Every structure is written in structure tokens, then in C-alpha cells.
file work33.cif (mmCIF, C-alpha atoms)
data_data
loop_
_atom_site.label_atom_id
_atom_site.label_comp_id
_atom_site.auth_asym_id
_atom_site.auth_seq_id
_atom_site.Cartn_x
_atom_site.Cartn_y
_atom_site.Cartn_z
CA MET A 1286 -11.99 -11.60 27.49
CA LEU A 1287 -11.06 -9.13 24.75
CA GLU A 1288 -8.78 -7.03 26.93
CA PRO A 1289 -5.65 -9.26 26.82
CA ILE A 1290 -6.02 -9.69 23.05
CA MET A 1291 -6.39 -5.95 22.47
CA LEU A 1292 -3.49 -5.21 24.80
CA GLY A 1293 -1.37 -7.75 22.91
CA ILE A 1294 -2.22 -6.20 19.55
CA LEU A 1295 -1.61 -2.67 20.85
CA GLY A 1296 1.67 -3.73 22.42
CA ASP A 1297 2.83 -5.32 19.18
CA PHE A 1298 1.92 -2.29 17.11
CA TYR A 1299 3.57 -0.04 19.70
CA PHE A 1300 6.77 -2.01 19.17
CA VAL A 1301 6.41 -1.92 15.38
CA ILE A 1302 5.95 1.86 15.40
CA GLN A 1303 8.98 2.20 17.67
CA ILE A 1304 11.00 0.25 15.11
CA PHE A 1305 9.76 2.54 12.32
CA VAL A 1306 10.69 5.59 14.39
CA MET A 1307 14.15 4.18 15.03
CA VAL A 1308 14.67 3.26 11.36
CA SER A 1309 13.75 6.76 10.19
CA ILE A 1310 16.01 8.35 12.83
CA MET A 1311 18.87 6.04 11.85
CA SER A 1312 18.38 6.92 8.20
CA PHE A 1313 18.42 10.64 9.03
CA ILE A 1314 21.61 10.34 11.12
CA LEU A 1315 23.42 8.16 8.57
CA ASN A 1316 22.51 10.53 5.74
CA HIS A 1317 23.82 13.55 7.63
CA LEU A 1318 26.86 12.15 9.44
CA GLY A 1319 27.83 9.13 7.37
CA LYS A 1320 29.02 5.84 8.88
CA GLY A 1321 31.28 6.95 11.72
CA ILE A 1322 31.68 6.76 15.46
CA ALA A 1323 29.64 9.95 15.95
CA SER A 1324 26.65 8.51 14.11
CA VAL A 1325 26.87 5.25 16.10
CA ILE A 1326 26.88 7.18 19.39
CA LEU A 1327 23.99 9.37 18.25
CA ILE A 1328 22.00 6.34 17.12
CA LEU A 1329 22.53 4.69 20.53
CA VAL A 1330 21.41 7.88 22.30
CA MET A 1331 18.29 8.07 20.12
CA PHE A 1332 17.65 4.36 20.74
CA TYR A 1333 17.66 5.10 24.49
CA VAL A 1334 15.33 8.09 23.99
CA VAL A 1335 12.85 6.28 21.74
CA PHE A 1336 12.69 2.93 23.52
CA ILE A 1337 13.28 3.88 27.18
CA LEU A 1338 13.16 7.61 28.01
CA ILE A 1339 10.08 8.99 26.18
CA PRO A 1340 8.58 6.23 23.99
CA ALA A 1341 5.04 7.64 23.99
CA LEU A 1342 6.10 11.13 22.96
CA SER A 1343 8.38 9.81 20.22
CA ILE A 1344 5.58 7.69 18.77
CA ALA A 1345 3.08 10.55 18.94
CA ALA A 1346 5.50 12.91 17.19
CA PHE A 1347 6.26 10.31 14.50
CA LEU A 1348 2.58 9.58 13.84
CA LEU A 1349 1.77 13.28 13.60
CA TYR A 1350 4.67 13.82 11.20
CA THR A 1351 3.60 10.83 9.06
CA LEU A 1352 -0.01 12.00 8.89
CA LEU A 1353 1.03 15.52 7.93
CA MET A 1354 3.32 14.11 5.23
CA ALA A 1355 0.42 11.98 3.92
CA GLY A 1356 -1.59 15.16 3.32
CA VAL A 1357 -4.04 15.09 6.19
CA SER A 1358 -3.60 18.85 6.61
CA THR A 1359 -5.20 19.44 3.18
CA LEU A 1360 -8.21 17.43 4.34
CA PHE A 1361 -8.54 19.71 7.36
CA VAL A 1362 -8.29 22.77 5.11
CA ASP A 1363 -11.00 21.31 2.84
CA PHE A 1364 -13.22 20.53 5.78
CA PHE A 1365 -12.86 23.63 7.93
CA PHE A 1366 -12.45 26.34 5.27
CA ILE A 1367 -13.88 25.27 1.91
CA THR A 1368 -16.87 23.23 3.10
CA ALA A 1369 -17.58 25.61 5.97
CA GLY A 1370 -17.37 28.56 3.53
CA GLN A 1371 -20.01 27.02 1.27
CA GLY A 1372 -22.35 26.51 4.20
CA HIS A 1373 -21.82 30.11 5.32
CA GLN A 1374 -22.58 31.48 1.82
CA GLN A 1375 -25.85 29.57 1.66
CA GLN A 1376 -26.83 30.68 5.14
CA GLN A 1377 -26.45 34.31 4.04
CA GLY A 1378 -28.89 33.69 1.18
CA GLU A 1379 -26.42 34.11 -1.66
CA GLU A 1380 -27.52 32.38 -4.86
CA ARG A 1381 -25.52 29.44 -6.04
CA PRO A 1382 -24.58 29.32 -9.74
CA ASP A 1383 -27.18 27.42 -11.72
CA VAL A 1384 -25.48 24.31 -13.05
CA LEU A 1385 -28.63 22.26 -13.72
CA GLY A 1386 -30.18 24.48 -16.41
CA THR A 1387 -33.34 25.18 -14.41
CA ASP A 1388 -33.40 28.83 -15.52
CA VAL A 1389 -33.24 27.76 -19.18
CA GLY A 1390 -36.10 25.31 -18.55
CA GLU A 1391 -38.16 28.02 -16.90
CA ARG A 1392 -37.58 30.42 -19.80
CA LYS A 1393 -38.61 27.74 -22.31
CA HIS A 1394 -41.76 27.04 -20.32
CA MET A 1395 -42.64 30.76 -20.25
CA MET A 1396 -42.07 31.02 -24.03
CA GLU A 1397 -44.40 28.07 -24.66
CA LYS A 1398 -47.05 29.71 -22.48
CA ALA A 1399 -46.66 32.99 -24.39
CA HIS A 1400 -47.01 31.14 -27.74
CA GLN A 1401 -50.12 29.39 -26.48
CA ALA A 1402 -51.62 32.68 -25.30
CA SER A 1403 -50.88 34.37 -28.63
CA ARG A 1404 -52.49 31.46 -30.51
CA GLN A 1405 -55.56 31.72 -28.30
CA ALA A 1406 -55.73 35.50 -28.90
CA ALA A 1407 -55.41 34.99 -32.68
CA GLY A 1408 -58.18 32.40 -32.56
CA MET A 1409 -60.46 34.80 -30.65
CA MET A 1410 -59.74 37.59 -33.15
CA GLN A 1411 -60.57 35.29 -36.08
CA GLY A 1412 -63.83 34.29 -34.37
CA MET A 1413 -64.79 37.94 -33.88
CA MET A 1414 -64.00 38.74 -37.55
CA ARG A 1415 -66.19 35.84 -38.77
CA ARG A 1416 -69.13 37.08 -36.70
CA ARG A 1417 -68.94 40.45 -38.41
CA MET B 1160 -19.49 18.92 14.53
CA MET B 1161 -23.22 18.75 14.05
CA ASN B 1162 -25.41 20.52 11.52
CA SER B 1163 -29.10 20.50 10.68
CA ASN B 1164 -28.69 17.59 8.25
CA GLY B 1165 -27.12 15.17 10.72
CA ASN B 1166 -23.94 14.22 12.43
CA VAL B 1167 -20.97 14.72 10.11
CA ILE B 1168 -18.57 12.61 12.13
CA ILE B 1169 -20.76 9.53 11.62
CA PHE B 1170 -20.49 9.85 7.83
CA ILE B 1171 -16.70 10.17 8.03
CA LEU B 1172 -16.42 7.16 10.32
CA ILE B 1173 -18.69 5.03 8.10
CA ALA B 1174 -16.63 5.89 5.01
CA PHE B 1175 -13.40 5.04 6.81
CA ALA B 1176 -14.82 1.79 8.20
CA VAL B 1177 -15.97 0.67 4.74
CA VAL B 1178 -12.48 1.30 3.36
CA LEU B 1179 -10.81 -0.52 6.24
CA LEU B 1180 -13.10 -3.54 5.86
CA LEU B 1181 -12.32 -4.02 2.16
CA PRO B 1182 -9.23 -6.31 2.45
CA PRO B 1183 -10.77 -8.68 5.07
CA LEU B 1184 -13.86 -8.87 2.85
CA ILE B 1185 -11.75 -9.67 -0.23
CA ILE B 1186 -9.78 -12.32 1.69
CA THR B 1187 -12.99 -13.89 3.03
CA VAL B 1188 -14.64 -14.02 -0.39
CA PHE B 1189 -11.48 -15.09 -2.22
CA PRO B 1190 -9.03 -16.81 0.26
CA PRO B 1191 -5.98 -17.03 -2.10
CA ALA B 1192 -5.93 -13.22 -2.01
CA LYS B 1193 -4.29 -13.66 1.41
CA TYR B 1194 -1.04 -14.83 -0.22
CA LEU B 1195 -1.17 -11.98 -2.69
CA PHE B 1196 -1.57 -9.44 0.11
CA ALA B 1197 1.25 -11.12 2.11
CA LEU B 1198 3.61 -11.02 -0.88
CA ILE B 1199 2.87 -7.37 -1.54
CA MET B 1200 3.39 -6.54 2.15
CA VAL B 1201 6.76 -8.32 2.23
CA PHE B 1202 7.94 -6.42 -0.84
CA ILE B 1203 6.73 -3.10 0.53
CA LEU B 1204 8.30 -3.62 3.98
CA PHE B 1205 11.63 -4.78 2.62
CA SER B 1206 11.87 -2.00 0.06
CA THR B 1207 10.90 0.59 2.70
CA VAL B 1208 13.58 -0.55 5.14
CA ARG B 1209 16.16 -0.85 2.35
CA GLY B 1210 15.30 2.65 1.22
CA TYR B 1211 16.00 3.92 4.72
CA LEU B 1212 19.09 1.89 5.63
CA GLY B 1213 20.52 0.57 2.35
CA ASP B 1214 21.79 -2.98 1.86
CA GLY B 1215 23.17 -4.68 4.97
CA VAL B 1216 22.57 -7.17 7.74
CA LEU B 1217 20.60 -4.64 9.77
CA THR B 1218 18.14 -4.22 6.89
CA TYR B 1219 17.45 -7.97 6.85
CA VAL B 1220 17.07 -8.12 10.65
CA ILE B 1221 14.68 -5.17 10.86
CA SER B 1222 12.74 -6.34 7.79
CA GLY B 1223 12.44 -9.79 9.38
CA ILE B 1224 11.05 -8.36 12.61
CA LEU B 1225 8.57 -6.15 10.77
CA ILE B 1226 7.53 -8.95 8.40
CA TYR B 1227 6.91 -11.29 11.35
CA PHE B 1228 4.64 -8.80 13.08
CA LEU B 1229 2.94 -7.12 10.15
CA VAL B 1230 2.64 -10.01 7.68
CA PHE B 1231 2.53 -13.25 9.64
CA LYS B 1232 0.81 -12.00 12.79
CA TYR B 1233 -1.51 -9.19 11.70
CA LEU B 1234 -1.99 -9.49 7.94
CA MET B 1235 -5.62 -8.30 8.01
CA VAL B 1236 -4.79 -5.12 9.93
CA THR B 1237 -1.74 -4.35 7.83
CA SER B 1238 -3.51 -4.95 4.52
CA SER B 1239 -6.38 -2.73 5.63
CA LEU B 1240 -3.96 0.04 6.52
CA TRP B 1241 -2.16 -0.46 3.21
CA VAL B 1242 -5.36 -0.12 1.17
CA PHE B 1243 -6.25 2.91 3.26
CA GLN B 1244 -2.85 4.45 2.53
CA ILE B 1245 -3.26 3.81 -1.20
CA LEU B 1246 -6.70 5.38 -1.24
CA LEU B 1247 -5.43 8.41 0.67
CA GLY B 1248 -2.59 8.64 -1.84
CA VAL B 1249 -4.97 8.80 -4.82
CA GLY B 1250 -7.11 11.45 -3.17
CA PHE B 1251 -9.85 9.40 -1.53
CA GLY B 1252 -9.69 11.77 1.45
CA SER B 1253 -10.94 14.56 -0.81
CA VAL B 1254 -13.84 12.36 -1.93
CA ILE B 1255 -14.81 11.79 1.69
CA MET B 1256 -14.60 15.52 2.37
CA TRP B 1257 -16.72 16.19 -0.72
CA GLY B 1258 -19.29 13.68 0.56
CA VAL B 1259 -19.31 15.40 3.92
CA GLY B 1260 -19.63 18.77 2.19
CA THR B 1261 -22.83 17.67 0.40
CA ARG B 1262 -24.47 17.25 3.81
CA PHE B 1263 -24.10 21.00 4.36
CA ARG B 1264 -26.02 21.92 1.17
#
call {"tool": "encode", "arguments": {"input": "work33.cif", "output": "C-alpha cells"}}
result
Amino acid sequence: MLEPIMLGILGDFYFVIQIFVMVSIMSFILNHLGKGIASVILILVMFYVVFILIPALSIAAFLLYTLLMAGVSTLFVDFFFITAGQGHQQQQGEERPDVLGTDVGERKHMMEKAHQASRQAAGMMQGMMRRR
Amino acid sequence: MMNSNGNVIIFILIAFAVVLLLPPLIITVFPPAKYLFALIMVFILFSTVRGYLGDGVLTYVISGILIYFLVFKYLMVTSSLWVFQILLGVGFGSVIMWGVGTRFR
């Protein structure tokens, strides 16, 4: 049921991508050779290559080029090097920088405990002095 | 592509699917948005082809073919891809990678 619809959609998009490939090739040729007989011949040759000779390879190359131009390579670098590097560091037991202030909190807690202990000690000393 | 916290690929695919479903969702909730998307698509396609080929009959012919397929026939797909392209352009890919990176911590 879905197969003919999907094939239709894929076929249409295949054609659309072929047109995009052809437009970018035409633009490249016209920019480099200008409007002359040589560029017309070259455009016709490329038309034959893209639409008849190797359509699948042309589309694959164009999609890869477009994705690379859109910055997909930086995503791969992020994923495979930066993210993987973080995971590796943590596996080796290296400490991460404390950005949440937990060490400051711990120090404050310890200071409060020390104050409390000193107050208790002072209280005990006063009690002992009164007894005398 | 697996780690101890779960399958990373699933998170990437979910993030991408949510992004791709945004335009159909907007059009379903607010139907006039369809015309807005169509207008934007026409402008983008025409300006893209004109940027490649300059002014001429060929530009109108190729723009017409592309507009028929991408705007009149498959508006939902095209608008999804357009939103996806915009989000990639403003660095949404990095956000996804950051989200994936948090699963490693």
C-alpha cells in the first residue's frame, strides 16, 4: 500500500536533487567559461552524465558536498573527539573542575562545625570553673 | 555507539524527529501557516536559482519545476527540511551534540 507512494516521493525528490546538481554545475561552468559554445557543450555533457550515465553517484557526491558545506563535519569532530575525550578523562578518574561550588559549601559546613565545637568546649570550661 | 547510560543514536534520532515534525505541527494547529510557508519557499527557491543562473528564461523554467515539486506537491517535507536547515545554520547541531555529550557524564 505504502510502497508506490514512497517510491513516487523518492522518485520526485531524486529528480529534484538532479535538477539542483545540474543547476550548480551550470553555474560553475558559466562562471568559469562565460556564455559561449564551449560552456554549452560542457553543460550538455554534464547533463548526460548527471541524468543518464551516473545519476546515483552524482547525487551522492552532491549530497555529501552539501552536508560538508553545511558544517556536518564540525558535528562529527564534536561527537568523536570532544565528547569522547570527556568520557575518556572521567574513565581515568581525573577530577572535573568544580563549577557548582560544592567545595565552598563543604568548607563552610566544616567551619560551622568547628565553631560549634569551640562553643561547646568554652561552655564546658566555664562549667568546670564554676564548680571550683 | 552504545555506552553505559543508553543508546546515543536514539537520542540523536529523537531530537532530529522533533525538529522535523515542527512545521507539520504548526500547520496542523494553525492552518494559514501553510500559505506563509509556501510563500517563503517560493521566494527561497527563486532566489536560489537566480543566484546560480542569473536572470533569464531558464531561471523561470527551473524555478517553476522546483516550485511545483517542492511547494505544491511536498510542502510539508520541504518546510520541515527548511526549518532543519535554519536550525543547523544557527548551531542547533551543536546543541544536539551537547545533549548527547551529557549522556556520557
call {"tool": "atom_distance", "arguments": {"input": "work33.cif", "atom1": "CA of Tyr1194 (chain B)", "atom2": "CA of Val1230 (chain B)"}}
result
10.0 Å
call {"tool": "closest_residue", "arguments": {"input": "work33.cif", "among": "A:Ile1344, A:Val1335, A:Val1330, A:Val1362", "to": "chain B", "atoms": "all atoms listed in the file"}}
result
A:Val1362
call {"tool": "atom_distance", "arguments": {"input": "work33.cif", "atom1": "CA of Ala1197 (chain B)", "atom2": "CA of Leu1184 (chain B)"}}
result
15.3 Å
call {"tool": "resolve_selection", "arguments": {"input": "work33.cif", "expression": "the PyMOL selection byres ((chain B and resi 1209-1217) around 10)", "output": "ChimeraX atom specification"}}
result
/A:1305,1308-1313,1315-1316 /B:1203-1208,1218-1223
call {"tool": "resolve_selection", "arguments": {"input": "work33.cif", "expression": "the PyMOL selection byres ((chain B and resi 1180) around 10)", "output": "list of chain:residue names"}}
result
B:Phe1175, B:Ala1176, B:Val1177, B:Val1178, B:Leu1179, B:Leu1181, B:Pro1182, B:Pro1183, B:Leu1184, B:Ile1185, B:Met1235, B:Val1236, B:Ser1238, B:Ser1239, B:Leu1240, B:Val1242, B:Phe1243
call {"tool": "residues_near_point", "arguments": {"input": "work33.cif", "point": "(-3.2, 6.5, 6.8)", "cutoff": "9 Å", "atoms": "only C-alpha atoms", "output": "list in words"}}
result
Thr1351, Leu1352, Ala1355 and Val1357 of chain A; Leu1240, Trp1241, Val1242, Phe1243, Gln1244, Ile1245, Leu1246, Leu1247 and Gly1248 of chain B
call {"tool": "atom_distance", "arguments": {"input": "work33.cif", "atom1": "CA of Met1200 (chain B)", "atom2": "CA of Phe1336 (chain A)"}}
result
25.2 Å
call {"tool": "closest_residue", "arguments": {"input": "work33.cif", "among": "A:Val1301, A:Leu1329, A:Leu1360, A:Met1291", "to": "Phe1251 (chain B)", "atoms": "all atoms listed in the file"}}
result
A:Leu1360
call {"tool": "closest_residue", "arguments": {"input": "work33.cif", "among": "A:Gln1303, A:Gln1411, A:Ser1403, A:Ser1343", "to": "chain B", "atoms": "only C-alpha atoms"}}
result
A:Gln1303
call {"tool": "axis_aligned_box", "arguments": {"input": "work33.cif", "around": "region 1323-1329 of chain A", "padding_each_side": "6 Å", "output": "AutoDock Vina command-line options"}}
result
--center_x 25.8 --center_y 7.3 --center_z 17.3 --size_x 19.6 --size_y 17.3 --size_z 18.4
call {"tool": "closest_residue", "arguments": {"input": "work33.cif", "among": "A:Leu1292, A:Leu1349, A:Ile1314, A:Met1395", "to": "chain B", "atoms": "all atoms listed in the file"}}
result
A:Ile1314
call {"tool": "closest_residue", "arguments": {"input": "work33.cif", "among": "A:Gln1405, A:Arg1415, A:Met1354, A:Leu1338", "to": "chain B", "atoms": "all atoms listed in the file"}}
result
A:Met1354
call {"tool": "closest_residue", "arguments": {"input": "work33.cif", "among": "A:Gly1321, A:Pro1340, A:Gly1412, A:Gly1356", "to": "chain B", "atoms": "all atoms listed in the file"}}
result
A:Gly1356
call {"tool": "build_atoms", "arguments": {"input": "work33.cif", "residues": "region 1325-1353 of chain A", "atoms": "N, CA and C atoms", "output": "PDB file, in the frame of the given file"}}
result
ATOM      1  N   VAL A1325      27.184   6.412  15.255  1.00  0.00           N
ATOM      2  CA  VAL A1325      26.870   5.250  16.100  1.00  0.00           C
ATOM      3  C   VAL A1325      26.453   5.710  17.499  1.00  0.00           C
ATOM      4  N   ILE A1326      27.207   6.666  18.051  1.00  0.00           N
ATOM      5  CA  ILE A1326      26.880   7.180  19.390  1.00  0.00           C
ATOM      6  C   ILE A1326      25.511   7.859  19.381  1.00  0.00           C
ATOM      7  N   LEU A1327      25.271   8.661  18.348  1.00  0.00           N
ATOM      8  CA  LEU A1327      23.990   9.370  18.250  1.00  0.00           C
ATOM      9  C   LEU A1327      22.822   8.389  18.089  1.00  0.00           C
ATOM     10  N   ILE A1328      23.051   7.350  17.305  1.00  0.00           N
ATOM     11  CA  ILE A1328      22.000   6.340  17.120  1.00  0.00           C
ATOM     12  C   ILE A1328      21.703   5.641  18.448  1.00  0.00           C
ATOM     13  N   LEU A1329      22.740   5.337  19.222  1.00  0.00           N
ATOM     14  CA  LEU A1329      22.530   4.690  20.530  1.00  0.00           C
ATOM     15  C   LEU A1329      21.769   5.615  21.484  1.00  0.00           C
ATOM     16  N   VAL A1330      22.118   6.904  21.444  1.00  0.00           N
ATOM     17  CA  VAL A1330      21.410   7.880  22.300  1.00  0.00           C
ATOM     18  C   VAL A1330      19.936   7.938  21.906  1.00  0.00           C
ATOM     19  N   MET A1331      19.676   7.999  20.594  1.00  0.00           N
ATOM     20  CA  MET A1331      18.290   8.070  20.120  1.00  0.00           C
ATOM     21  C   MET A1331      17.537   6.779  20.427  1.00  0.00           C
ATOM     22  N   PHE A1332      18.253   5.658  20.369  1.00  0.00           N
ATOM     23  CA  PHE A1332      17.650   4.360  20.740  1.00  0.00           C
ATOM     24  C   PHE A1332      17.169   4.419  22.190  1.00  0.00           C
ATOM     25  N   TYR A1333      18.011   4.975  23.070  1.00  0.00           N
ATOM     26  CA  TYR A1333      17.660   5.100  24.490  1.00  0.00           C
ATOM     27  C   TYR A1333      16.444   6.025  24.648  1.00  0.00           C
ATOM     28  N   VAL A1334      16.440   7.122  23.888  1.00  0.00           N
ATOM     29  CA  VAL A1334      15.330   8.090  23.990  1.00  0.00           C
ATOM     30  C   VAL A1334      14.025   7.461  23.514  1.00  0.00           C
ATOM     31  N   VAL A1335      14.084   6.801  22.356  1.00  0.00           N
ATOM     32  CA  VAL A1335      12.850   6.280  21.740  1.00  0.00           C
ATOM     33  C   VAL A1335      12.307   5.071  22.488  1.00  0.00           C
ATOM     34  N   PHE A1336      13.181   4.175  22.914  1.00  0.00           N
ATOM     35  CA  PHE A1336      12.690   2.930  23.520  1.00  0.00           C
ATOM     36  C   PHE A1336      12.534   3.012  25.035  1.00  0.00           C
ATOM     37  N   ILE A1337      13.288   3.894  25.716  1.00  0.00           N
ATOM     38  CA  ILE A1337      13.280   3.880  27.180  1.00  0.00           C
ATOM     39  C   ILE A1337      12.819   5.215  27.785  1.00  0.00           C
ATOM     40  N   LEU A1338      13.410   6.321  27.337  1.00  0.00           N
ATOM     41  CA  LEU A1338      13.160   7.610  28.010  1.00  0.00           C
ATOM     42  C   LEU A1338      11.747   8.140  27.742  1.00  0.00           C
ATOM     43  N   ILE A1339      11.413   8.441  26.501  1.00  0.00           N
ATOM     44  CA  ILE A1339      10.080   8.990  26.180  1.00  0.00           C
ATOM     45  C   ILE A1339       9.482   8.245  24.973  1.00  0.00           C
ATOM     46  N   PRO A1340       9.119   6.978  25.138  1.00  0.00           N
ATOM     47  CA  PRO A1340       8.580   6.230  23.990  1.00  0.00           C
ATOM     48  C   PRO A1340       7.259   6.792  23.483  1.00  0.00           C
ATOM     49  N   ALA A1341       6.368   7.172  24.405  1.00  0.00           N
ATOM     50  CA  ALA A1341       5.040   7.640  23.990  1.00  0.00           C
ATOM     51  C   ALA A1341       5.136   8.930  23.175  1.00  0.00           C
ATOM     52  N   LEU A1342       5.956   9.844  23.648  1.00  0.00           N
ATOM     53  CA  LEU A1342       6.100  11.130  22.960  1.00  0.00           C
ATOM     54  C   LEU A1342       6.738  10.951  21.580  1.00  0.00           C
ATOM     55  N   SER A1343       7.724  10.059  21.503  1.00  0.00           N
ATOM     56  CA  SER A1343       8.380   9.810  20.220  1.00  0.00           C
ATOM     57  C   SER A1343       7.387   9.254  19.209  1.00  0.00           C
ATOM     58  N   ILE A1344       6.563   8.307  19.671  1.00  0.00           N
ATOM     59  CA  ILE A1344       5.580   7.690  18.770  1.00  0.00           C
ATOM     60  C   ILE A1344       4.551   8.715  18.331  1.00  0.00           C
ATOM     61  N   ALA A1345       4.081   9.534  19.272  1.00  0.00           N
ATOM     62  CA  ALA A1345       3.080  10.550  18.940  1.00  0.00           C
ATOM     63  C   ALA A1345       3.645  11.529  17.905  1.00  0.00           C
ATOM     64  N   ALA A1346       4.871  11.961  18.123  1.00  0.00           N
ATOM     65  CA  ALA A1346       5.500  12.910  17.190  1.00  0.00           C
ATOM     66  C   ALA A1346       5.652  12.270  15.812  1.00  0.00           C
ATOM     67  N   PHE A1347       6.065  11.012  15.778  1.00  0.00           N
ATOM     68  CA  PHE A1347       6.260  10.310  14.500  1.00  0.00           C
ATOM     69  C   PHE A1347       4.938  10.148  13.757  1.00  0.00           C
ATOM     70  N   LEU A1348       3.884   9.762  14.483  1.00  0.00           N
ATOM     71  CA  LEU A1348       2.580   9.580  13.840  1.00  0.00           C
ATOM     72  C   LEU A1348       2.052  10.901  13.283  1.00  0.00           C
ATOM     73  N   LEU A1349       2.208  11.963  14.062  1.00  0.00           N
ATOM     74  CA  LEU A1349       1.770  13.280  13.600  1.00  0.00           C
ATOM     75  C   LEU A1349       2.524  13.695  12.341  1.00  0.00           C
ATOM     76  N   TYR A1350       3.831  13.478  12.355  1.00  0.00           N
ATOM     77  CA  TYR A1350       4.670  13.820  11.200  1.00  0.00           C
ATOM     78  C   TYR A1350       4.238  13.001   9.976  1.00  0.00           C
ATOM     79  N   THR A1351       4.006  11.701  10.175  1.00  0.00           N
ATOM     80  CA  THR A1351       3.600  10.830   9.060  1.00  0.00           C
ATOM     81  C   THR A1351       2.257  11.272   8.484  1.00  0.00           C
ATOM     82  N   LEU A1352       1.304  11.572   9.358  1.00  0.00           N
ATOM     83  CA  LEU A1352      -0.010  12.000   8.890  1.00  0.00           C
ATOM     84  C   LEU A1352       0.076  13.312   8.123  1.00  0.00           C
ATOM     85  N   LEU A1353       0.876  14.230   8.628  1.00  0.00           N
ATOM     86  CA  LEU A1353       1.030  15.520   7.930  1.00  0.00           C
ATOM     87  C   LEU A1353       1.677  15.311   6.564  1.00  0.00           C
TER      88      LEU A1353
END
